[in-house]
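Notes to accompany the following structure.
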Amino acid sequence: MAVEAELKARLRNPEQVRQRLAERVSAEHSVYADRYFDYPDRRLTAAGYEVRLRTVTQDAGDLRSLLTFKEPAVDAASDSKPEHETSVGDPNAVAPLLGALGLVELIAFEKRCTNYRFTAHGRELLATVVEVPELDGETFVEVETLTADGDVDAALDVVRHVLDELGVSTDELTSETYTGAVEARRHA
């Protein structure tokens, strides 16, 4: 089972982080249009599951869509979750299918992402600098690596080390979800 070992931080100095990442590898710019689904009573969310339909638009205009199912966290501190993901040819065909299964769209929003893929400390990593337009200029970084269930602690140690190399302090780490932050902003 693949687990996405990930930590996220709300950045005080995003330009420093971008610069240090750019020193490692070239950036890939994308816009993610995310739609999250659950039953009307939110039983999946309450149990720690996520169902997401994502369309990624890259700078060159290339489009790809992904259907993702995340299981409950295997590490409470980082919220690292087993993840199952597959490409989707037509997201407009998948949304009605989810609806027919009783799921409703809970929330949809955009993320502007700059992705950096690199190897560090023996692991393939993805660092993503994220801006969510609805969150008023806040910038986040996510650093993640895929690992096996029994290797999450070691994987998170590498992620912490990379965050430290990027100049991200532990007090910038956050477990707040984008869905929660966007929902709170919309209901404020």
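Just so we're on the same page: first chain in the structure tokens is A, next is B, and so on; residues restart at 1 for each chain, and ligands are numbered from 1 in the order they show up.
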Considering only helix (DSSP H, G or I) as DSSP defines it on the backbone, what residues of chain A qualify? List them as an MDAnalysis selection string.
chainID A and resid 14:22 43:46 91:100 133:135 149:165 170:172 178:186
Quick one: residues within 10 Å of A:Leu156, only C-alpha atoms counted, chain neighbours fewer than 6 positions away excluded, as a PyMOL selection string?
chain A and resi 4-7+75+78+80+143-145+147+162
Can those selected residues be exported to a file as a compact mmCIF listing (two decimals), in the first residue's frame so that it contains C-alpha atoms?
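And here is the file that came out, part.txt:
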```txt
# COMPACT_ATOMS: atom_id res chain seq x y z
CA GLU A 4 1.86 9.74 0.79
CA ALA A 5 4.24 10.85 3.56
CA GLU A 6 3.75 14.61 3.52
CA LEU A 7 4.23 17.72 5.60
CA ASP A 75 0.35 9.12 11.05
CA SER A 78 1.49 14.63 9.65
CA SER A 80 -0.01 11.08 5.97
CA VAL A 143 6.91 18.20 0.62
CA GLU A 144 5.96 14.58 0.03
CA THR A 145 7.28 11.18 -0.93
CA THR A 147 6.45 5.10 0.77
CA VAL A 162 14.37 18.79 3.26
```
May I have a table of the residues of stretch 105-149 of chain A lying at most 8 Å from stretch 34-52 of chain A, giving each one's closest pair of atoms and their distance in Å to one decimal, counting only C-alpha atoms, ordered by chain and ascending residue number, as a tab-separated table?
```
residue	atom	partner	partner_atom	distance
A:Glu105	CA	A:Phe37	CA	4.4
A:Leu106	CA	A:Phe37	CA	5.4
A:Ile107	CA	A:Tyr36	CA	5.5
A:Ala108	CA	A:Arg35	CA	4.3
A:Phe109	CA	A:Asp34	CA	5.6
A:Glu110	CA	A:Asp34	CA	6.1
A:Lys111	CA	A:Asp34	CA	7.8
```
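Near A:Gly150, within a cut-off of 10 Å and counting only C-alpha atoms, sit the residues Met1, Val3, Val74, Thr147, Asp153, Ala154 and Ala155 of chain A, with same-chain residues fewer than 3 positions away left out.
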Put those residues in a file: C-alpha atoms, as a CSV table (one decimal), in the first residue's frame.
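Listing of part.csv after writing:
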```
chain,number,residue,atom,x,y,z
A,1,MET,CA,0.0,0.0,0.0
A,3,VAL,CA,1.4,6.1,1.6
A,74,VAL,CA,-1.6,6.4,9.3
A,147,THR,CA,6.4,5.1,0.8
A,153,ASP,CA,8.5,7.5,10.0
A,154,ALA,CA,11.7,7.3,8.0
A,155,ALA,CA,10.1,9.0,5.0
```
Dump as a Markdown table the rows for residues of stretch 9-44 of chain A within 10 Å of stretch 163-167 of chain A: closest atom pair and distance in Å with one decimal, only C-alpha atoms counted, ordered by chain and rising residue number.
```
| residue | atom | partner | partner_atom | distance |
| --- | --- | --- | --- | --- |
| A:Ala9 | CA | A:Leu163 | CA | 8.9 |
| A:Leu11 | CA | A:Gly167 | CA | 9.7 |
| A:Asn13 | CA | A:Gly167 | CA | 8.6 |
| A:Pro14 | CA | A:Gly167 | CA | 9.8 |
| A:Gln16 | CA | A:Gly167 | CA | 7.5 |
| A:Val17 | CA | A:Leu166 | CA | 5.4 |
| A:Arg18 | CA | A:Leu166 | CA | 8.5 |
| A:Gln19 | CA | A:Leu166 | CA | 8.8 |
| A:Arg20 | CA | A:Leu166 | CA | 5.9 |
| A:Leu21 | CA | A:Leu166 | CA | 7.2 |
```
Between A:Gln58, A:Tyr32, A:Leu126, A:Ala2, which residue has the minimum interatomic distance to A:Glu85, considering only C-alpha atoms?
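For A:Glu85, the nearest of the given residues is A:Ala2.
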Write out as a list in words each polymer residue whose atoms come within 12 Å of A:Pro96, counting only C-alpha atoms; drop sequence neighbours fewer than 5 positions from it.
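Residues near the query, excluding close chain neighbours: Phe37, Leu53, Asp90, Pro91, Leu101, Gly102, Leu103, Val104 and Glu105 of chain A.
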Min atom-atom distance to A:Lys81 from the set A:Phe69, A:Val94, A:Glu138, A:Val25, counting only C-alpha atoms, belongs to A:Phe69
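The space between atom CA of A:Gly137 and atom CA of A:Ser169 spans 19.6 Å.
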Please provide the set of residues having any atom within 10 Å of A:Arg186, restricted to only C-alpha atoms, with same-chain residues fewer than 4 positions apart removed, written as a PyMOL selection string.
chain A and resi 134-135+180-182
Saved selection, atoms kept: C-alpha atoms, as an mmCIF file, in the first residue's frame:
```cif
data_model
loop_
_atom_site.group_PDB
_atom_site.id
_atom_site.type_symbol
_atom_site.label_atom_id
_atom_site.label_comp_id
_atom_site.auth_asym_id
_atom_site.auth_seq_id
_atom_site.Cartn_x
_atom_site.Cartn_y
_atom_site.Cartn_z
ATOM 1 C CA GLU A 134 -9.419 32.385 -1.886
ATOM 2 C CA LEU A 135 -6.899 32.423 0.981
ATOM 3 C CA GLY A 180 -11.175 23.371 5.694
ATOM 4 C CA ALA A 181 -9.498 26.749 5.163
ATOM 5 C CA VAL A 182 -11.517 27.530 2.024
#
```
Write out as a list in words the residues lying within 6 Å of A:Val56, counting only C-alpha atoms and excluding same-chain residues fewer than 4 positions away.
Val31, Tyr32, Leu63 and Arg64 of chain A
So, counting only C-alpha atoms, which residue among A:Ala148, A:Phe140, A:Thr170, A:Val158 is closest to A:Thr119?
A:Val158
Which neighbours of A:Val141 fall inside 6 Å, counting only C-alpha atoms, when residues of the same chain fewer than 2 positions from it are skipped, and could you give them as a short mmCIF file (atom, residue, chain, number, x, y, z; two decimals) with N, CA, C and O atoms, in the first residue's frame?
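Below is the file result25.cif, written as the result:
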```cif
data_model
loop_
_atom_site.label_atom_id
_atom_site.label_comp_id
_atom_site.auth_asym_id
_atom_site.auth_seq_id
_atom_site.Cartn_x
_atom_site.Cartn_y
_atom_site.Cartn_z
N LYS A 8 3.14 19.86 5.43
CA LYS A 8 2.74 21.12 4.80
C LYS A 8 3.08 22.26 5.76
O LYS A 8 2.94 22.13 6.98
N ALA A 9 3.51 23.38 5.19
CA ALA A 9 3.84 24.55 5.99
C ALA A 9 3.22 25.80 5.37
O ALA A 9 3.15 25.92 4.15
N THR A 128 5.83 21.17 -3.52
CA THR A 128 4.87 21.99 -4.23
C THR A 128 4.62 23.27 -3.45
O THR A 128 4.25 23.22 -2.27
N VAL A 129 4.88 24.40 -4.10
CA VAL A 129 4.53 25.70 -3.52
C VAL A 129 3.12 26.01 -3.99
O VAL A 129 2.84 25.98 -5.19
N VAL A 130 2.24 26.26 -3.02
CA VAL A 130 0.80 26.35 -3.31
C VAL A 130 0.25 27.71 -2.89
O VAL A 130 0.51 28.19 -1.79
#
```
Shortest interatomic distance to A:Gly89 - which of A:Glu71, A:Arg54, A:Glu15, A:Cys113, counting only C-alpha atoms:
A:Arg54
Using atom CA of A:Ala22 and atom CA of A:Pro82 as the two end points, give the distance in Å to one decimal.
28.9 Å
